[in-house]
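Student: File upload.pdb below, PDB, C-alpha atoms:
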ATOM      1  CA  MET A 261     -50.576   0.752 -32.874
ATOM      2  CA  LYS A 262     -49.473   1.636 -29.352
ATOM      3  CA  LYS A 263     -46.193   0.932 -27.636
ATOM      4  CA  GLU A 264     -48.000  -0.954 -24.839
ATOM      5  CA  ASP A 265     -49.407  -3.442 -27.371
ATOM      6  CA  THR A 266     -45.974  -4.480 -28.588
ATOM      7  CA  VAL A 267     -43.186  -6.633 -27.220
ATOM      8  CA  LYS A 268     -39.480  -6.568 -27.916
ATOM      9  CA  LEU A 269     -37.679  -9.837 -28.616
ATOM     10  CA  ILE A 270     -33.881  -9.702 -28.511
ATOM     11  CA  SER A 271     -31.628 -12.218 -30.252
ATOM     12  CA  ARG A 272     -28.234 -13.591 -29.214
ATOM     13  CA  GLU A 273     -26.449 -10.923 -31.259
ATOM     14  CA  GLY A 274     -28.533  -8.143 -29.684
ATOM     15  CA  PHE A 275     -30.833  -7.451 -32.636
ATOM     16  CA  GLU A 276     -34.290  -6.311 -31.548
ATOM     17  CA  PHE A 277     -37.635  -7.294 -33.050
ATOM     18  CA  ILE A 278     -40.661  -5.232 -32.067
ATOM     19  CA  ILE A 279     -43.819  -7.183 -32.758
ATOM     20  CA  ASP A 280     -47.460  -7.064 -31.711
ATOM     21  CA  LYS A 281     -48.209  -8.733 -28.405
ATOM     22  CA  LYS A 282     -50.963 -10.640 -30.187
ATOM     23  CA  ALA A 283     -48.418 -12.121 -32.603
ATOM     24  CA  ALA A 284     -45.961 -13.032 -29.838
ATOM     25  CA  MET A 285     -48.742 -14.857 -27.974
ATOM     26  CA  VAL A 286     -48.702 -17.478 -30.743
ATOM     27  CA  SER A 287     -45.814 -18.911 -28.741
ATOM     28  CA  GLN A 288     -46.965 -20.591 -25.551
ATOM     29  CA  THR A 289     -43.581 -19.965 -23.914
ATOM     30  CA  ILE A 290     -43.653 -16.229 -24.646
ATOM     31  CA  ARG A 291     -47.304 -16.072 -23.590
ATOM     32  CA  ASN A 292     -46.376 -17.559 -20.213
ATOM     33  CA  MET A 293     -43.440 -15.167 -19.847
ATOM     34  CA  LEU A 294     -45.623 -12.139 -20.556
ATOM     35  CA  THR A 295     -48.711 -13.086 -18.584
ATOM     36  CA  SER A 296     -47.377 -14.876 -15.517
ATOM     37  CA  PRO A 297     -48.470 -13.337 -12.218
ATOM     38  CA  GLY A 298     -45.993 -11.462 -10.062
ATOM     39  CA  SER A 299     -43.938  -8.574 -11.347
ATOM     40  CA  PHE A 300     -41.339 -10.262 -13.522
ATOM     41  CA  ALA A 301     -39.147  -7.998 -15.627
ATOM     42  CA  GLU A 302     -40.491  -9.634 -18.815
ATOM     43  CA  THR A 303     -44.097  -8.877 -17.882
ATOM     44  CA  GLU A 304     -43.390  -5.291 -16.860
ATOM     45  CA  HIS A 305     -41.237  -4.135 -19.768
ATOM     46  CA  GLY A 306     -42.640  -6.405 -22.454
ATOM     47  CA  GLN A 307     -39.098  -7.393 -23.372
ATOM     48  CA  VAL A 308     -37.653 -10.874 -23.688
ATOM     49  CA  THR A 309     -34.029 -11.776 -24.445
ATOM     50  CA  PHE A 310     -33.188 -15.082 -26.089
ATOM     51  CA  PRO A 311     -29.435 -15.627 -25.654
ATOM     52  CA  GLU A 312     -29.685 -19.028 -27.358
ATOM     53  CA  ILE A 313     -31.550 -17.962 -30.512
ATOM     54  CA  ASN A 314     -29.621 -16.255 -33.303
ATOM     55  CA  THR A 315     -30.955 -13.326 -35.324
ATOM     56  CA  THR A 316     -31.833 -15.223 -38.512
ATOM     57  CA  ILE A 317     -33.864 -17.777 -36.599
ATOM     58  CA  LEU A 318     -35.604 -15.198 -34.415
ATOM     59  CA  GLU A 319     -36.633 -13.153 -37.454
ATOM     60  CA  LYS A 320     -38.024 -16.286 -39.102
ATOM     61  CA  ILE A 321     -39.952 -17.020 -35.919
ATOM     62  CA  CYS A 322     -41.464 -13.512 -35.888
ATOM     63  CA  GLN A 323     -42.453 -13.962 -39.541
ATOM     64  CA  TYR A 324     -44.039 -17.252 -38.572
ATOM     65  CA  PHE A 325     -46.104 -15.575 -35.815
ATOM     66  CA  TYR A 326     -47.611 -13.177 -38.340
ATOM     67  CA  TRP A 327     -48.074 -15.891 -40.936
ATOM     68  CA  SER A 328     -49.889 -17.947 -38.312
ATOM     69  CA  LEU A 329     -52.291 -15.068 -37.585
ATOM     70  CA  GLN A 330     -52.933 -14.572 -41.310
ATOM     71  CA  TYR A 331     -53.506 -18.291 -41.771
ATOM     72  CA  ALA A 332     -55.941 -18.381 -38.853
ATOM     73  CA  SER A 333     -57.940 -15.611 -40.504
ATOM     74  CA  GLY A 334     -58.310 -17.635 -43.672
ATOM     75  CA  LYS A 335     -55.427 -16.555 -45.905
ATOM     76  CA  GLU A 336     -53.878 -19.778 -47.184
ATOM     77  CA  THR A 337     -50.342 -18.998 -48.232
ATOM     78  CA  GLU A 338     -47.295 -21.181 -47.889
ATOM     79  CA  PHE A 339     -44.660 -20.507 -45.223
ATOM     80  CA  HIS A 340     -41.280 -20.816 -46.871
ATOM     81  CA  ILE A 341     -38.380 -22.220 -44.832
ATOM     82  CA  GLU A 342     -34.837 -22.225 -46.178
ATOM     83  CA  PRO A 343     -33.453 -25.802 -45.857
ATOM     84  CA  GLU A 344     -30.226 -24.634 -44.177
ATOM     85  CA  ILE A 345     -32.009 -23.180 -41.153
ATOM     86  CA  THR A 346     -34.515 -26.004 -40.662
ATOM     87  CA  LEU A 347     -32.766 -27.779 -37.784
ATOM     88  CA  GLU A 348     -32.066 -24.647 -35.741
ATOM     89  CA  LEU A 349     -35.575 -23.379 -36.430
ATOM     90  CA  MET A 350     -37.103 -26.628 -35.196
ATOM     91  CA  MET A 351     -35.067 -26.492 -31.991
ATOM     92  CA  ALA A 352     -36.203 -22.922 -31.366
ATOM     93  CA  ALA A 353     -39.821 -23.805 -32.172
ATOM     94  CA  ASN A 354     -39.636 -26.653 -29.692
ATOM     95  CA  TYR A 355     -38.309 -24.304 -27.009
ATOM     96  CA  LEU A 356     -40.973 -21.710 -27.747
ATOM     97  CA  HIS A 357     -43.842 -24.208 -28.019
ATOM     98  CA  THR A 358     -44.943 -22.979 -31.433
TER      99      THR A 358
ATOM    100  CA  MET B1413     -54.983  -8.533 -40.660
ATOM    101  CA  ALA B1414     -54.203  -8.100 -44.329
ATOM    102  CA  MET B1415     -50.431  -7.851 -44.334
ATOM    103  CA  TYR B1416     -47.354  -6.675 -42.472
ATOM    104  CA  ILE B1417     -44.067  -5.034 -43.372
ATOM    105  CA  ARG B1418     -40.691  -5.170 -41.661
ATOM    106  CA  VAL B1419     -39.237  -1.748 -40.928
ATOM    107  CA  LYS B1420     -35.519  -1.906 -40.150
ATOM    108  CA  ARG B1421     -33.104   0.589 -38.676
ATOM    109  CA  ASN B1422     -29.732  -0.214 -37.088
ATOM    110  CA  LYS B1423     -30.237  -3.398 -35.049
ATOM    111  CA  THR B1424     -33.986  -2.974 -34.678
ATOM    112  CA  THR B1425     -36.817  -4.426 -36.750
ATOM    113  CA  TYR B1426     -40.419  -3.277 -36.348
ATOM    114  CA  PHE B1427     -43.162  -5.573 -37.610
ATOM    115  CA  ILE B1428     -46.026  -3.269 -38.619
ATOM    116  CA  GLN B1429     -49.471  -4.545 -39.518
ATOM    117  CA  CYS B1430     -51.094  -2.681 -42.376
ATOM    118  CA  ASP B1431     -53.400  -2.745 -45.349
ATOM    119  CA  PRO B1432     -52.344  -2.383 -49.028
ATOM    120  CA  THR B1433     -54.612   0.687 -49.343
ATOM    121  CA  GLU B1434     -52.872   2.597 -46.531
ATOM    122  CA  THR B1435     -50.594   5.489 -47.481
ATOM    123  CA  ILE B1436     -46.943   5.817 -46.541
ATOM    124  CA  LEU B1437     -47.876   8.784 -44.338
ATOM    125  CA  GLN B1438     -50.203   6.539 -42.332
ATOM    126  CA  MET B1439     -47.345   4.065 -41.908
ATOM    127  CA  LYS B1440     -45.062   6.840 -40.658
ATOM    128  CA  GLU B1441     -47.707   7.898 -38.154
ATOM    129  CA  LYS B1442     -47.890   4.334 -36.854
ATOM    130  CA  LEU B1443     -44.108   4.322 -36.550
ATOM    131  CA  SER B1444     -44.040   7.655 -34.724
ATOM    132  CA  ASN B1445     -46.015   6.024 -31.879
ATOM    133  CA  LEU B1446     -43.207   3.512 -31.482
ATOM    134  CA  ILE B1447     -40.073   5.587 -32.003
ATOM    135  CA  ASP B1448     -40.976   9.107 -30.753
ATOM    136  CA  GLN B1449     -39.993  10.728 -34.058
ATOM    137  CA  PRO B1450     -42.544  12.794 -36.014
ATOM    138  CA  ALA B1451     -43.681  11.477 -39.396
ATOM    139  CA  ASN B1452     -42.005  14.278 -41.362
ATOM    140  CA  ASP B1453     -38.574  13.394 -39.922
ATOM    141  CA  GLN B1454     -38.841   9.847 -41.268
ATOM    142  CA  GLN B1455     -37.904   8.488 -44.650
ATOM    143  CA  LEU B1456     -38.828   4.985 -45.770
ATOM    144  CA  VAL B1457     -36.855   3.138 -48.422
ATOM    145  CA  LEU B1458     -38.121  -0.067 -50.022
ATOM    146  CA  MET B1459     -35.549  -2.864 -49.965
ATOM    147  CA  PRO B1460     -33.775  -4.278 -51.895
ATOM    148  CA  ALA B1461     -34.801  -1.946 -54.750
ATOM    149  CA  GLY B1462     -33.790   1.185 -52.808
ATOM    150  CA  ASP B1463     -36.776   3.296 -53.896
ATOM    151  CA  VAL B1464     -37.737   6.163 -51.565
ATOM    152  CA  LEU B1465     -41.421   5.810 -50.657
ATOM    153  CA  GLU B1466     -43.639   8.876 -51.092
ATOM    154  CA  ASP B1467     -46.036   9.984 -48.341
ATOM    155  CA  SER B1468     -49.101  10.503 -50.512
ATOM    156  CA  LYS B1469     -48.986   7.144 -52.314
ATOM    157  CA  SER B1470     -50.418   3.896 -50.989
ATOM    158  CA  LEU B1471     -48.446   0.742 -50.235
ATOM    159  CA  ALA B1472     -50.031  -1.067 -53.195
ATOM    160  CA  ASP B1473     -49.134   1.834 -55.547
ATOM    161  CA  GLN B1474     -45.468   1.447 -54.745
ATOM    162  CA  LYS B1475     -45.398  -2.360 -54.828
ATOM    163  CA  VAL B1476     -44.873  -2.801 -51.100
ATOM    164  CA  GLU B1477     -46.076  -6.336 -50.494
ATOM    165  CA  ASN B1478     -46.679  -8.585 -47.504
ATOM    166  CA  ASP B1479     -43.433  -9.323 -45.611
ATOM    167  CA  ALA B1480     -41.559  -6.552 -47.474
ATOM    168  CA  VAL B1481     -38.440  -5.055 -45.890
ATOM    169  CA  VAL B1482     -38.404  -1.271 -45.605
ATOM    170  CA  ALA B1483     -35.421   0.700 -44.298
ATOM    171  CA  LEU B1484     -36.078   3.626 -41.984
ATOM    172  CA  THR B1485     -33.877   6.710 -42.014
ATOM    173  CA  LEU B1486     -34.329   9.723 -39.757
ATOM    174  CA  ARG B1487     -33.703  13.404 -40.363
ATOM    175  CA  LYS B1488     -30.961  14.905 -38.214
ATOM    176  CA  GLY B1489     -32.987  16.043 -35.236
ATOM    177  CA  SER B1490     -32.497  18.301 -32.259
ATOM    178  CA  LEU B1491     -30.619  15.572 -30.407
ATOM    179  CA  THR B1492     -27.790  15.416 -32.943
ATOM    180  CA  CYS B1493     -27.625  19.224 -32.934
ATOM    181  CA  CYS B1494     -27.061  19.144 -29.173
ATOM    182  CA  ILE B1495     -24.182  16.732 -29.610
ATOM    183  CA  CYS B1496     -22.634  18.941 -32.309
ATOM    184  CA  LEU B1497     -22.970  22.053 -30.146
ATOM    185  CA  PHE B1498     -21.578  20.440 -27.048
ATOM    186  CA  PRO B1499     -17.841  20.821 -27.879
ATOM    187  CA  VAL B1500     -18.456  24.506 -28.728
ATOM    188  CA  LEU B1501     -20.012  25.116 -25.321
ATOM    189  CA  VAL B1502     -17.068  23.392 -23.640
ATOM    190  CA  ASP B1503     -14.616  25.580 -25.561
ATOM    191  CA  ILE B1504     -16.376  28.738 -24.428
ATOM    192  CA  SER B1505     -16.281  27.704 -20.793
ATOM    193  CA  ILE B1506     -12.540  27.062 -21.019
ATOM    194  CA  VAL B1507     -11.957  30.521 -22.482
ATOM    195  CA  ASP B1508     -13.977  32.083 -19.661
TER     196      ASP B1508
END
Starting from the file, give its structure as C-alpha cells.
Tutor:
Amino acid sequence: MKKEDTVKLISREGFEFIIDKKAAMVSQTIRNMLTSPGSFAETEHGQVTFPEINTTILEKICQYFYWSLQYASGKETEFHIEPEITLELMMAANYLHT
Amino acid sequence: MAMYIRVKRNKTTYFIQCDPTETILQMKEKLSNLIDQPANDQQLVLMPAGDVLEDSKSLADQKVENDAVVALTLRKGSLTCCICLFPVLVDISIVD
C-alpha cells in the first residue's frame, strides 16, 4: 500500500479519512474531482475537503465504498445503516453520486 | 479484497485492506508506508476491547474482523525528544 494510491477525505469537523483511491472512485463525484484534467489541488494532492459532510456520515460513506468493493467481488453481506443517520446519509450519497 | 480494518489516531482514520491470515507486523509495515514511522515504534490496540495486538500473531488469531476499529499509538520518537531538549538549549544560550 503506497501513499500515492490513497486519498484523504476531510470532514466538516476536520477529521481525516485515508482510503484507497480505488475505494474512493466508487463515488462518481470524487472520481471526477481526482481525475479531471488540469492541475487542480484535489488531483495533485489527492485530498478532498467536504465542509458540508459531518464526520459520522463521512465515515459511513468510506465504509460503504469498501463494502461496495467487497460486494462487487462476490461477498454478499448486508450494509447496516443506523436509522438516525439515514436522511443525512442519503443527502451525502446524492451529492457524491454513490 | 478480503477485509479491511480502520486504524485510528487523533483525528485521522486509515482504512487498510488486509487478509485474516496476515500478521500484525505486516499491518504495521503497511502503516509505516503511510505515516513515516517504523513498525517497531507502533502499537496497535483492538477497540473496544482494548487488547494490545502482538506482532507475531495473525489478525484472525486475535479476533480482528472486517471493519474492526484499531487504535494506533506511537513510541516517543526523536521528534518529541527535540521538543523536550529545546528549552534546555535556549537556557544555555541565555547563560552564554
Student: Compile a residue-level contact table for chain B against chain A at a cut-off of 9 Å, reporting for every qualifying residue the shortest atom pair and its distance in Å to one decimal, with all atoms listed in the file counted, rows ordered by chain and ascending number, as CSV.
Tutor:
residue,atom,partner,partner_atom,distance
B:Met1413,CA,A:Gln330,CA,6.4
B:Ala1414,CA,A:Gln330,CA,7.3
B:Met1415,CA,A:Gln330,CA,7.8
B:Tyr1416,CA,A:Tyr326,CA,7.7
B:Asn1422,CA,A:Phe275,CA,8.6
B:Lys1423,CA,A:Phe275,CA,4.8
B:Thr1424,CA,A:Glu276,CA,4.6
B:Thr1425,CA,A:Phe277,CA,4.8
B:Tyr1426,CA,A:Ile278,CA,4.7
B:Phe1427,CA,A:Ile279,CA,5.2
B:Ile1428,CA,A:Ile279,CA,7.4
B:Gln1429,CA,A:Asp280,CA,8.4
B:Lys1442,CA,A:Met261,CA,6.0
B:Leu1443,CA,A:Met261,CA,8.3
B:Asn1445,CA,A:Lys262,CA,6.1
B:Leu1446,CA,A:Lys263,CA,5.5
B:Ile1447,CA,A:Lys263,CA,8.8
B:Asp1479,CA,A:Gln323,CA,7.7
Student: Selected by the PyMOL selection byres ((chain B and resi 1469) around 12) in the shown coordinates: which residues, as a compact mmCIF listing (two decimals) with C-alpha atoms, in the frame of the given file?
Tutor:
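Heads up, here's the output in selection-v4.txt:
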# COMPACT_ATOMS: atom_id res chain seq x y z
CA PRO B 1432 -52.34 -2.38 -49.03
CA THR B 1433 -54.61 0.69 -49.34
CA GLU B 1434 -52.87 2.60 -46.53
CA THR B 1435 -50.59 5.49 -47.48
CA ILE B 1436 -46.94 5.82 -46.54
CA LEU B 1437 -47.88 8.78 -44.34
CA GLN B 1438 -50.20 6.54 -42.33
CA MET B 1439 -47.34 4.07 -41.91
CA VAL B 1464 -37.74 6.16 -51.56
CA LEU B 1465 -41.42 5.81 -50.66
CA GLU B 1466 -43.64 8.88 -51.09
CA ASP B 1467 -46.04 9.98 -48.34
CA SER B 1468 -49.10 10.50 -50.51
CA SER B 1470 -50.42 3.90 -50.99
CA LEU B 1471 -48.45 0.74 -50.24
CA ALA B 1472 -50.03 -1.07 -53.20
CA ASP B 1473 -49.13 1.83 -55.55
CA GLN B 1474 -45.47 1.45 -54.74
CA LYS B 1475 -45.40 -2.36 -54.83
CA VAL B 1476 -44.87 -2.80 -51.10
Student: Suppose you want the space between atom CA of A:Leu347 and atom CA of A:Ser328; what is it in Å?
Tutor: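 Straight-line distance from atom CA of A:Leu347 to atom CA of A:Ser328 works out to 19.8 Å.
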Student: Please compute the atom CA of B:Lys1488-atom CA of B:Asp1431 distance, one decimal, in Å.
Tutor: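 Atom-to-atom, atom CA of B:Lys1488 to atom CA of B:Asp1431, that is 29.4 Å.
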Student: Apply the PyMOL selection byres ((chain B and resi 1483) around 9) to the structure shown and report the selected residues as number ranges by chain.
Tutor: B: 1418-1421, 1455-1459, 1462, 1481-1482, 1484-1485
Student: In Å, with one decimal, what is the gap from atom CA of A:Asn314 to atom CA of A:Ile345?
Tutor: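 These two atoms are separated by 10.7 Å.
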Student: With all atoms listed in the file as the basis for distance, which of A:Tyr355, A:Leu349, A:Met293, A:Arg272 is at the shortest distance from A:Phe310?
Tutor: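 Selected residue with least distance to A:Phe310: A:Arg272.
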Student: Nearest to B:Cys1430 among B:Glu1477, B:Asp1448, B:Asp1453, B:Asp1463, with distances taken over all atoms listed in the file: which residue is it?
Tutor: B:Glu1477
Student: Where atoms are absent from stretch 272-297 of chain A, fill them in so it carries N, CA and C atoms, then output it as an mmCIF file, in the coordinates of the input.
Tutor:
data_model
loop_
_atom_site.group_PDB
_atom_site.id
_atom_site.type_symbol
_atom_site.label_atom_id
_atom_site.label_comp_id
_atom_site.auth_asym_id
_atom_site.auth_seq_id
_atom_site.Cartn_x
_atom_site.Cartn_y
_atom_site.Cartn_z
ATOM 1 N N ARG A 272 -29.564 -13.391 -29.804
ATOM 2 C CA ARG A 272 -28.234 -13.591 -29.214
ATOM 3 C C ARG A 272 -27.293 -12.439 -29.561
ATOM 4 N N GLU A 273 -27.366 -11.973 -30.817
ATOM 5 C CA GLU A 273 -26.449 -10.923 -31.259
ATOM 6 C C GLU A 273 -26.925 -9.532 -30.859
ATOM 7 N N GLY A 274 -28.054 -9.444 -30.165
ATOM 8 C CA GLY A 274 -28.533 -8.143 -29.684
ATOM 9 C C GLY A 274 -29.445 -7.413 -30.659
ATOM 10 N N PHE A 275 -29.880 -8.076 -31.715
ATOM 11 C CA PHE A 275 -30.833 -7.451 -32.636
ATOM 12 C C PHE A 275 -32.228 -7.495 -32.018
ATOM 13 N N GLU A 276 -32.978 -6.408 -32.197
ATOM 14 C CA GLU A 276 -34.290 -6.311 -31.548
ATOM 15 C C GLU A 276 -35.413 -6.427 -32.564
ATOM 16 N N PHE A 277 -36.447 -7.167 -32.208
ATOM 17 C CA PHE A 277 -37.635 -7.294 -33.050
ATOM 18 C C PHE A 277 -38.836 -6.811 -32.250
ATOM 19 N N ILE A 278 -39.479 -5.763 -32.745
ATOM 20 C CA ILE A 278 -40.661 -5.232 -32.067
ATOM 21 C C ILE A 278 -41.890 -5.745 -32.802
ATOM 22 N N ILE A 279 -42.650 -6.571 -32.118
ATOM 23 C CA ILE A 279 -43.819 -7.183 -32.758
ATOM 24 C C ILE A 279 -45.051 -6.975 -31.877
ATOM 25 N N ASP A 280 -46.218 -7.174 -32.471
ATOM 26 C CA ASP A 280 -47.460 -7.064 -31.711
ATOM 27 C C ASP A 280 -47.517 -8.149 -30.650
ATOM 28 N N LYS A 281 -48.039 -7.773 -29.489
ATOM 29 C CA LYS A 281 -48.209 -8.733 -28.405
ATOM 30 C C LYS A 281 -49.038 -9.932 -28.884
ATOM 31 N N LYS A 282 -50.054 -9.599 -29.691
ATOM 32 C CA LYS A 282 -50.963 -10.640 -30.187
ATOM 33 C C LYS A 282 -50.191 -11.696 -30.998
ATOM 34 N N ALA A 283 -49.221 -11.210 -31.792
ATOM 35 C CA ALA A 283 -48.418 -12.121 -32.603
ATOM 36 C C ALA A 283 -47.504 -12.961 -31.713
ATOM 37 N N ALA A 284 -46.887 -12.324 -30.723
ATOM 38 C CA ALA A 284 -45.961 -13.032 -29.838
ATOM 39 C C ALA A 284 -46.671 -14.122 -29.050
ATOM 40 N N MET A 285 -47.956 -13.900 -28.759
ATOM 41 C CA MET A 285 -48.742 -14.857 -27.974
ATOM 42 C C MET A 285 -48.992 -16.172 -28.711
ATOM 43 N N VAL A 286 -48.618 -16.218 -30.000
ATOM 44 C CA VAL A 286 -48.702 -17.478 -30.743
ATOM 45 C C VAL A 286 -47.811 -18.520 -30.051
ATOM 46 N N SER A 287 -46.712 -18.025 -29.477
ATOM 47 C CA SER A 287 -45.814 -18.911 -28.741
ATOM 48 C C SER A 287 -46.291 -19.070 -27.306
ATOM 49 N N GLN A 288 -46.495 -20.320 -26.912
ATOM 50 C CA GLN A 288 -46.965 -20.591 -25.551
ATOM 51 C C GLN A 288 -45.934 -20.148 -24.520
ATOM 52 N N THR A 289 -44.641 -20.350 -24.845
ATOM 53 C CA THR A 289 -43.581 -19.965 -23.914
ATOM 54 C C THR A 289 -43.575 -18.455 -23.689
ATOM 55 N N ILE A 290 -43.658 -17.688 -24.778
ATOM 56 C CA ILE A 290 -43.653 -16.229 -24.646
ATOM 57 C C ILE A 290 -44.919 -15.763 -23.933
ATOM 58 N N ARG A 291 -46.051 -16.427 -24.254
ATOM 59 C CA ARG A 291 -47.304 -16.072 -23.590
ATOM 60 C C ARG A 291 -47.163 -16.224 -22.065
ATOM 61 N N ASN A 292 -46.572 -17.340 -21.653
ATOM 62 C CA ASN A 292 -46.376 -17.559 -20.213
ATOM 63 C C ASN A 292 -45.453 -16.503 -19.609
ATOM 64 N N MET A 293 -44.390 -16.170 -20.349
ATOM 65 C CA MET A 293 -43.440 -15.167 -19.847
ATOM 66 C C MET A 293 -44.117 -13.825 -19.646
ATOM 67 N N LEU A 294 -45.029 -13.482 -20.573
ATOM 68 C CA LEU A 294 -45.623 -12.139 -20.556
ATOM 69 C C LEU A 294 -46.856 -12.038 -19.657
ATOM 70 N N THR A 295 -47.455 -13.172 -19.336
ATOM 71 C CA THR A 295 -48.711 -13.086 -18.584
ATOM 72 C C THR A 295 -48.629 -13.690 -17.182
ATOM 73 N N SER A 296 -47.463 -14.223 -16.824
ATOM 74 C CA SER A 296 -47.377 -14.876 -15.517
ATOM 75 C C SER A 296 -47.558 -13.850 -14.393
ATOM 76 N N PRO A 297 -48.229 -14.256 -13.320
ATOM 77 C CA PRO A 297 -48.470 -13.337 -12.218
ATOM 78 C C PRO A 297 -47.173 -13.005 -11.480
#
